[in-house]
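J.: Dropping in final.txt, with compact mmCIF, C-alpha atoms and all ligand atoms.
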```txt
# COMPACT_ATOMS: atom_id res chain seq x y z
CA MET A 874 -28.32 -214.18 -71.95
CA LYS A 875 -29.52 -214.65 -68.39
CA ILE A 876 -33.21 -215.26 -67.70
CA ALA A 877 -34.54 -215.30 -64.12
CA VAL A 878 -37.84 -217.03 -63.35
CA LEU A 879 -40.32 -216.63 -60.49
CA SER A 880 -44.07 -217.02 -60.09
CA ASP A 881 -46.75 -216.75 -57.43
CA ILE A 882 -45.23 -213.80 -55.62
CA HIS A 883 -48.63 -212.98 -54.05
CA GLU A 884 -47.23 -209.59 -53.14
CA GLY A 885 -50.00 -208.29 -50.89
CA LEU A 886 -50.43 -211.36 -48.77
CA ASN A 887 -46.71 -212.03 -48.39
CA ARG A 888 -45.95 -208.37 -47.65
CA LYS A 889 -48.55 -208.26 -44.90
CA LYS A 890 -47.58 -211.58 -43.35
CA THR A 891 -43.81 -211.05 -43.45
CA GLU A 892 -44.06 -207.28 -42.87
CA CYS A 893 -41.39 -206.94 -45.57
CA ASP A 894 -41.37 -204.96 -48.78
CA ILE A 895 -41.39 -208.00 -51.07
CA LEU A 896 -41.14 -205.92 -54.27
CA GLY A 897 -38.25 -203.89 -52.86
CA LEU A 898 -36.40 -207.10 -51.97
CA LEU A 899 -37.08 -208.47 -55.44
CA ALA A 900 -35.73 -205.28 -56.99
CA ASP A 901 -32.60 -205.54 -54.81
CA TRP A 902 -32.04 -209.12 -56.00
CA ILE A 903 -32.52 -208.16 -59.63
CA LEU A 904 -30.14 -205.20 -59.35
CA GLU A 905 -27.52 -207.39 -57.72
CA HIS A 906 -27.74 -210.28 -60.22
CA SER A 907 -28.73 -208.29 -63.31
CA PRO A 908 -30.52 -210.89 -65.41
CA ASP A 909 -31.32 -209.69 -68.92
CA ILE A 910 -34.89 -210.91 -68.54
CA PHE A 911 -37.04 -211.63 -65.49
CA ILE A 912 -40.12 -213.76 -66.16
CA ILE A 913 -43.01 -213.57 -63.68
CA SER A 914 -45.40 -216.40 -64.52
CA GLY A 915 -48.51 -215.12 -62.78
CA ASP A 916 -50.11 -214.38 -59.40
CA ILE A 917 -48.15 -211.26 -58.53
CA ALA A 918 -51.21 -209.75 -56.76
CA ALA A 919 -54.90 -210.30 -56.10
CA ASP A 920 -56.42 -207.75 -58.47
CA PRO A 921 -55.40 -206.14 -61.75
CA ASP A 922 -54.76 -202.63 -60.38
CA LYS A 923 -52.43 -203.97 -57.74
CA ALA A 924 -50.75 -206.29 -60.23
CA LEU A 925 -50.25 -203.48 -62.73
CA ALA A 926 -48.90 -201.15 -60.05
CA ALA A 927 -46.51 -203.84 -58.81
CA LEU A 928 -45.21 -204.58 -62.31
CA ASN A 929 -44.76 -200.90 -63.14
CA ARG A 930 -42.99 -200.21 -59.87
CA LEU A 931 -40.68 -203.19 -60.25
CA GLN A 932 -39.80 -202.39 -63.87
CA LYS A 933 -39.06 -198.78 -62.90
CA GLU A 934 -36.72 -199.92 -60.15
CA VAL A 935 -34.81 -202.33 -62.43
CA PRO A 936 -34.45 -200.48 -65.74
CA GLY A 937 -31.61 -202.71 -66.91
CA THR A 938 -33.72 -205.88 -66.80
CA ARG A 939 -36.68 -206.56 -69.05
CA LEU A 940 -39.65 -207.80 -67.00
CA LEU A 941 -41.96 -210.23 -68.77
CA PHE A 942 -45.27 -211.37 -67.30
CA VAL A 943 -48.28 -213.58 -67.82
CA ASN A 944 -51.36 -213.13 -65.66
CA GLY A 945 -52.29 -215.62 -63.00
CA ASN A 946 -55.83 -216.41 -61.86
CA HIS A 947 -55.41 -214.04 -58.88
CA ASP A 948 -54.27 -211.13 -61.06
CA ILE A 949 -57.63 -211.00 -62.84
CA TYR A 950 -59.81 -211.08 -59.70
CA ALA A 951 -62.29 -208.36 -60.60
CA PRO A 952 -66.00 -207.92 -61.40
CA ASP A 953 -64.99 -208.13 -65.09
CA SER A 954 -62.00 -210.41 -65.58
CA GLU A 955 -61.87 -209.76 -69.30
CA ALA A 956 -61.46 -206.03 -68.61
CA ALA A 957 -58.85 -206.96 -65.99
CA TYR A 958 -56.97 -209.04 -68.57
CA GLU A 959 -57.05 -206.08 -70.98
CA LYS A 960 -55.90 -203.70 -68.26
CA LEU A 961 -52.89 -205.89 -67.54
CA LEU A 962 -51.90 -205.66 -71.21
CA ARG A 963 -50.96 -202.04 -70.45
CA PHE A 964 -47.80 -203.46 -68.95
CA PRO A 965 -45.49 -203.59 -71.99
CA GLY A 966 -43.83 -206.80 -70.82
CA ASN A 967 -47.14 -208.70 -70.64
CA LEU A 968 -46.68 -211.61 -73.05
CA GLY A 969 -50.38 -211.36 -73.84
CA ASN A 970 -49.30 -208.45 -76.07
CA GLY A 971 -47.38 -210.87 -78.29
CA PRO A 972 -44.15 -212.87 -78.52
CA VAL A 973 -40.80 -211.40 -77.52
CA GLU A 974 -37.96 -212.18 -79.91
CA LEU A 975 -34.47 -212.63 -78.52
CA ALA A 976 -31.08 -213.24 -80.11
CA ASN A 977 -30.18 -216.52 -81.83
CA ASP A 978 -33.69 -217.47 -82.85
CA TRP A 979 -35.01 -217.62 -79.29
CA VAL A 980 -38.53 -216.37 -78.76
CA ILE A 981 -40.68 -216.18 -75.63
CA ILE A 982 -44.39 -216.85 -76.15
CA GLY A 983 -46.92 -216.78 -73.35
CA ASP A 984 -50.37 -216.16 -71.94
CA GLY A 985 -51.77 -216.79 -68.49
CA GLY A 986 -54.09 -219.57 -69.59
CA TRP A 987 -57.01 -221.09 -67.76
CA TYR A 988 -58.42 -224.54 -66.97
CA ASP A 989 -60.96 -226.81 -68.63
CA TYR A 990 -61.21 -229.62 -66.02
CA SER A 991 -59.17 -231.96 -68.25
CA PHE A 992 -57.13 -232.65 -65.11
CA GLY A 993 -60.30 -233.47 -63.17
CA VAL A 994 -60.55 -236.73 -61.27
CA ASP A 995 -63.20 -239.24 -62.26
CA GLY A 996 -66.57 -239.24 -60.55
CA PHE A 997 -67.52 -235.57 -60.90
CA SER A 998 -69.60 -233.84 -63.53
CA GLU A 999 -68.73 -230.71 -65.50
CA GLU A 1000 -71.35 -228.87 -63.42
CA GLU A 1001 -69.73 -229.94 -60.15
CA PHE A 1002 -66.32 -228.70 -61.29
CA ALA A 1003 -67.90 -225.48 -62.56
CA ALA A 1004 -69.48 -224.92 -59.15
CA GLY A 1005 -66.00 -225.40 -57.65
CA THR A 1006 -67.25 -226.73 -54.34
CA TYR A 1007 -66.19 -229.92 -52.62
CA LYS A 1008 -67.91 -230.34 -49.25
CA ASP A 1009 -66.91 -227.19 -47.31
CA TYR A 1010 -64.07 -226.24 -49.67
CA HIS A 1011 -64.66 -223.55 -52.28
CA TRP A 1012 -62.31 -222.72 -55.15
CA PRO A 1013 -61.83 -218.92 -54.84
CA ASP A 1014 -61.84 -218.25 -58.60
CA MET A 1015 -65.54 -219.11 -58.71
CA LYS A 1016 -66.17 -216.16 -56.39
CA TYR A 1017 -63.54 -213.65 -57.51
CA ALA A 1018 -62.95 -214.27 -61.23
CA HIS A 1019 -65.71 -213.28 -63.65
CA TRP A 1020 -65.06 -214.21 -67.27
CA PRO A 1021 -67.70 -213.82 -69.94
CA GLY A 1022 -67.31 -217.45 -71.05
CA SER A 1023 -67.22 -220.77 -69.25
CA ASP A 1024 -63.90 -222.07 -67.94
CA ALA A 1025 -63.59 -224.33 -71.00
CA GLU A 1026 -64.31 -221.41 -73.35
CA GLU A 1027 -61.73 -219.17 -71.69
CA THR A 1028 -59.18 -221.99 -71.89
CA ARG A 1029 -59.92 -222.42 -75.59
CA ARG A 1030 -59.50 -218.68 -76.21
CA SER A 1031 -56.06 -218.66 -74.63
CA LEU A 1032 -55.07 -221.83 -76.52
CA GLU A 1033 -56.07 -220.18 -79.79
CA ARG A 1034 -53.99 -217.11 -78.98
CA LEU A 1035 -50.99 -219.25 -78.14
CA GLU A 1036 -51.31 -221.52 -81.15
CA ALA A 1037 -51.44 -218.58 -83.55
CA TRP A 1038 -48.13 -217.33 -82.13
CA LEU A 1039 -46.61 -220.82 -82.06
CA GLN A 1040 -47.49 -221.28 -85.74
CA GLN A 1041 -45.89 -217.95 -86.53
CA TYR A 1042 -42.64 -218.95 -84.79
CA GLU A 1043 -42.59 -222.68 -85.60
CA GLY A 1044 -39.04 -223.98 -85.91
CA ARG A 1045 -37.55 -221.31 -83.66
CA ASN A 1046 -36.19 -221.91 -80.15
CA ILE A 1047 -39.40 -221.35 -78.23
CA ILE A 1048 -39.82 -220.68 -74.52
CA LEU A 1049 -43.50 -221.11 -73.67
CA VAL A 1050 -44.94 -219.47 -70.55
CA THR A 1051 -48.33 -219.94 -68.89
CA HIS A 1052 -49.52 -219.57 -65.34
CA VAL A 1053 -51.43 -222.84 -65.42
CA ILE A 1054 -50.05 -226.37 -65.50
CA PRO A 1055 -49.50 -227.99 -68.91
CA PHE A 1056 -48.93 -231.63 -67.98
CA ARG A 1057 -50.77 -234.00 -65.64
CA HIS A 1058 -47.29 -235.10 -64.49
CA TYR A 1059 -47.08 -231.91 -62.37
CA LEU A 1060 -50.32 -232.41 -60.46
CA ARG A 1061 -50.14 -233.75 -56.97
CA VAL A 1062 -52.62 -236.53 -56.38
CA LYS A 1063 -53.10 -237.17 -52.69
CA ASN A 1064 -56.08 -239.51 -52.87
CA ILE A 1065 -57.82 -237.02 -50.61
CA GLY A 1066 -61.03 -235.75 -52.18
CA SER A 1067 -60.71 -232.24 -50.83
CA TRP A 1068 -57.34 -231.90 -52.59
CA ASP A 1069 -57.75 -233.99 -55.73
CA PHE A 1070 -61.07 -232.40 -56.71
CA PHE A 1071 -59.30 -229.07 -57.21
CA ASN A 1072 -56.73 -230.51 -59.61
CA ALA A 1073 -59.43 -229.81 -62.19
CA MET A 1074 -58.62 -226.10 -61.74
CA MET A 1075 -54.87 -226.51 -62.21
CA GLY A 1076 -54.65 -226.16 -65.98
CA SER A 1077 -55.20 -228.17 -69.13
CA GLU A 1078 -53.60 -231.03 -70.99
CA ARG A 1079 -54.05 -228.94 -74.13
CA TYR A 1080 -51.16 -226.60 -73.16
CA GLY A 1081 -48.81 -229.57 -72.91
CA GLU A 1082 -50.07 -230.91 -76.24
CA LEU A 1083 -49.35 -227.53 -77.86
CA ALA A 1084 -45.85 -227.49 -76.37
CA LEU A 1085 -45.11 -230.94 -77.81
CA LYS A 1086 -46.73 -230.17 -81.17
CA TYR A 1087 -44.54 -227.11 -81.68
CA GLY A 1088 -41.39 -228.60 -80.15
CA VAL A 1089 -40.91 -225.91 -77.50
CA LYS A 1090 -37.52 -225.99 -75.82
CA LYS A 1091 -38.51 -224.65 -72.42
CA TYR A 1092 -41.83 -224.41 -70.60
CA ILE A 1093 -42.31 -222.09 -67.63
CA PHE A 1094 -45.44 -222.11 -65.49
CA GLY A 1095 -46.69 -221.52 -61.92
CA HIS A 1096 -50.05 -221.79 -60.14
CA ILE A 1097 -49.29 -224.97 -58.25
CA HIS A 1098 -47.20 -223.86 -55.33
CA LEU A 1099 -44.62 -226.61 -55.77
CA ARG A 1100 -41.19 -226.08 -57.30
CA TYR A 1101 -40.01 -228.10 -60.29
CA HIS A 1102 -37.04 -227.91 -62.63
CA GLU A 1103 -36.43 -230.92 -64.83
CA THR A 1104 -36.50 -232.26 -68.35
CA TYR A 1105 -39.88 -233.75 -69.20
CA GLU A 1106 -40.80 -235.10 -72.65
CA GLY A 1107 -37.63 -233.45 -73.95
CA ILE A 1108 -38.67 -230.01 -72.65
CA GLU A 1109 -36.84 -228.11 -69.90
CA VAL A 1110 -39.71 -227.47 -67.50
CA ILE A 1111 -39.60 -224.87 -64.74
CA CYS A 1112 -42.28 -224.15 -62.16
CA ASN A 1113 -40.81 -221.79 -59.63
CA PRO A 1114 -43.32 -220.24 -57.23
CA LEU A 1115 -42.47 -218.11 -54.23
CA GLY A 1116 -45.76 -219.28 -52.66
CA TYR A 1117 -47.38 -218.29 -49.39
CA TYR A 1118 -45.52 -217.35 -46.23
CA PRO A 1119 -45.21 -219.12 -43.86
CA SER A 1120 -46.72 -222.48 -44.81
CA GLU A 1121 -44.99 -222.84 -48.17
CA TRP A 1122 -41.66 -221.17 -47.43
CA LEU A 1123 -38.47 -222.96 -46.47
CA THR A 1124 -37.12 -220.02 -44.46
CA ASP A 1125 -38.49 -217.22 -42.25
CA SER A 1126 -36.59 -214.52 -44.10
CA ALA A 1127 -38.20 -212.91 -47.14
CA GLU A 1128 -34.77 -211.89 -48.44
CA GLU A 1129 -33.42 -215.44 -48.14
CA GLU A 1130 -36.55 -217.06 -49.53
CA ILE A 1131 -36.52 -214.79 -52.58
CA ALA A 1132 -32.80 -215.34 -53.18
CA SER A 1133 -33.00 -219.12 -52.79
CA THR A 1134 -36.14 -219.47 -54.90
CA ILE A 1135 -35.43 -217.40 -58.00
CA LYS A 1136 -34.16 -219.64 -60.77
CA MET A 1137 -31.68 -218.33 -63.27
CA ILE A 1138 -31.23 -220.03 -66.62
CA GLU A 1139 -28.96 -219.08 -69.50
CA ILE A 1140 -29.53 -219.27 -73.22
CA ASP A 1141 -26.96 -218.56 -75.89
FE FE B 1201 -50.49 -218.73 -56.76
FE FE B 1202 -52.58 -219.35 -59.47
```
So that I can check it, write out the structure of this file as structure tokens.

T.:
Amino acid sequence: MKIAVLSDIHEGLNRKKTECDILGLLADWILEHSPDIFIISGDIAADPDKALAALNRLQKEVPGTRLLFVNGNHDIYAPDSEAAYEKLLRFPGNLGNGPVELANDWVIIGDGGWYDYSFGVDGFSEEEFAAGTYKDYHWPDMKYAHWPGSDAEETRRSLERLEAWLQQYEGRNIILVTHVIPFRHYLRVKNIGSWDFFNAMMGSERYGELALKYGVKKYIFGHIHLRYHETYEGIEVICNPLGYYPSEWLTDSAEEEIASTIKMIEID
């Protein structure tokens, strides 16, 4: 079974900047390579209506491939992010609806996840991270995401959802998917305050702890616009963002960037 992986498509921004139909190019790639499953690990768009429309359009254009999705922080940018999260569950392939069982005891479990500042650097208080401001830099989630609970509470809610599913499928071959980062290992520490401060908003150590506790085989995430594929702590870890054009792309061609970025893995 072939599983393709991509995150951080940021459809609107990349479409406008490249003047290319990013979703159409993605559909072309999927039709040409026909993976059985295509996992999008968050940040497909910058609000839930656009994200839902993008997912529905893409799934319609590639009926032979099952699209699976977890929300990113950008996908729930709305006056009510909880309602946005619920709206995104209308997409049948949203893993927030529950685990997806595959052949040979494989199961895909996922949720977008959030952050609890457990990746925060020393020297800042909870209140400073919650404000999300370092000098003139502002973390956009503080302006555009509106959850009912604090960041730590929203993280805990997603961890509880995931752990209930992990308990249910303990002992199976589990692929865990979040948008946020599960291990400190994947942060980039630059020793520059304006960068390192925002590592607090990258994810939570708790996701990595869950992955280890339940012996997951593969872990797929996004959010940090850096590409990784390696074995870490015995887990095959994939972070495979498309990222922003042009600063984060290796080519000037949307078609080439999509083709060279998408990661295909096989399970049997
Ligand atoms: Fe992103
Ligand atoms: Fe993100």

J.: Using atom CA of A:Ala919 and atom CA of A:His947 as the two end points, give the distance in Å to one decimal.

T.: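 Here the two named atoms are 4.7 Å from each other.
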
J.: Restricting the calculation to all atoms listed in the file: of A:Val1089, A:Ile1131, A:Met1075, A:Leu931, which residue gets closest to ligand FE 1202 (chain B)?

T.: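 Checking each of A:Val1089, A:Ile1131, A:Met1075, A:Leu931 against ligand FE 1202 (chain B), counting all atoms listed in the file, the winner is A:Met1075.
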
J.: Taking 3 positions as the minimum chain separation for residues in the same chain, which residues sit within 9 Å of A:Ile1097 when counting all atoms listed in the file? Answer as a ChimeraX atom specification.

T.: /A:881,1052-1054,1059-1061,1075,1094,1100,1112,1114,1116

J.: Using all atoms listed in the file, I'd like a table of the residues in chain A that come within 6 Å of ligand FE 1202 (chain B); for each, show the closest atom pair and its distance in Å rounded to one decimal, ordered by chain and ascending number, as a Markdown table.

T.:
```
| residue | atom | partner | partner_atom | distance |
| --- | --- | --- | --- | --- |
| A:Asp916 | CA | B:FE1202 | FE | 5.6 |
| A:Gly945 | CA | B:FE1202 | FE | 5.1 |
| A:Asn946 | CA | B:FE1202 | FE | 5.0 |
| A:His1096 | CA | B:FE1202 | FE | 3.6 |
```

J.: With only C-alpha atoms as the counted atoms, please give the residues lying no more than 7 Å from A:Tyr1101, apart from itself and same-chain residues fewer than 2 positions off, as a PDB file with C-alpha atoms, in the coordinates of the input.

T.:
```pdb
ATOM      1  CA  LEU A1099     -44.620-226.610 -55.770  1.00  0.00           C
ATOM      2  CA  GLU A1103     -36.430-230.920 -64.830  1.00  0.00           C
ATOM      3  CA  ILE A1111     -39.600-224.870 -64.740  1.00  0.00           C
ATOM      4  CA  CYS A1112     -42.280-224.150 -62.160  1.00  0.00           C
ATOM      5  CA  ASN A1113     -40.810-221.790 -59.630  1.00  0.00           C
TER       6      ASN A1113
END
```

J.: What is the distance between atom CA of A:Arg1079 and atom CA of A:Ser991, in Å to one decimal?

T.: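 That distance, rounded to one decimal, is 8.4 Å.
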
J.: Rank A:Ala918, A:Ile982, A:Ile876, A:Ala1037 by their smallest atom-to-atom distance to ligand FE 1201 (chain B), using all atoms listed in the file, and report the top residue only.

T.: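 Nearest candidate to ligand FE 1201 (chain B) out of A:Ala918, A:Ile982, A:Ile876, A:Ala1037: A:Ala918.
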
J.: Expressed in Å to a single decimal, how great is the separation between atom FE of ligand FE 1201 (chain B) and atom CA of A:Arg888?

T.: 14.5 Å

J.: Between A:Thr1051, A:Thr1134, A:Ser1077, A:Asn967, single out the one closest to A:Leu928, counting all atoms listed in the file.

T.: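 Ranking A:Thr1051, A:Thr1134, A:Ser1077, A:Asn967 by distance to A:Leu928, first place goes to A:Asn967.
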
J.: Pick from A:Ala1018, A:Gly986, A:Thr1006, A:Ile1065: nearest to A:Glu1033, with all atoms listed in the file counted?

T.: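 Nearest candidate to A:Glu1033 out of A:Ala1018, A:Gly986, A:Thr1006, A:Ile1065: A:Gly986.
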
J.: List every protein, DNA or RNA residue that has an atom no more than 12 Å from (-37.1, -204.9, -66.7) in the file's coordinate frame, counting only C-alpha atoms, and report them as a ChimeraX atom specification.

T.: /A:876-877,899-900,903-904,907-913,928-942,964-967

J.: Rank A:Ala924, A:Val1062, A:Met1015, A:Val973 by their smallest atom-to-atom distance to A:Lys960, using only C-alpha atoms, and report the top residue only.

T.: A:Ala924
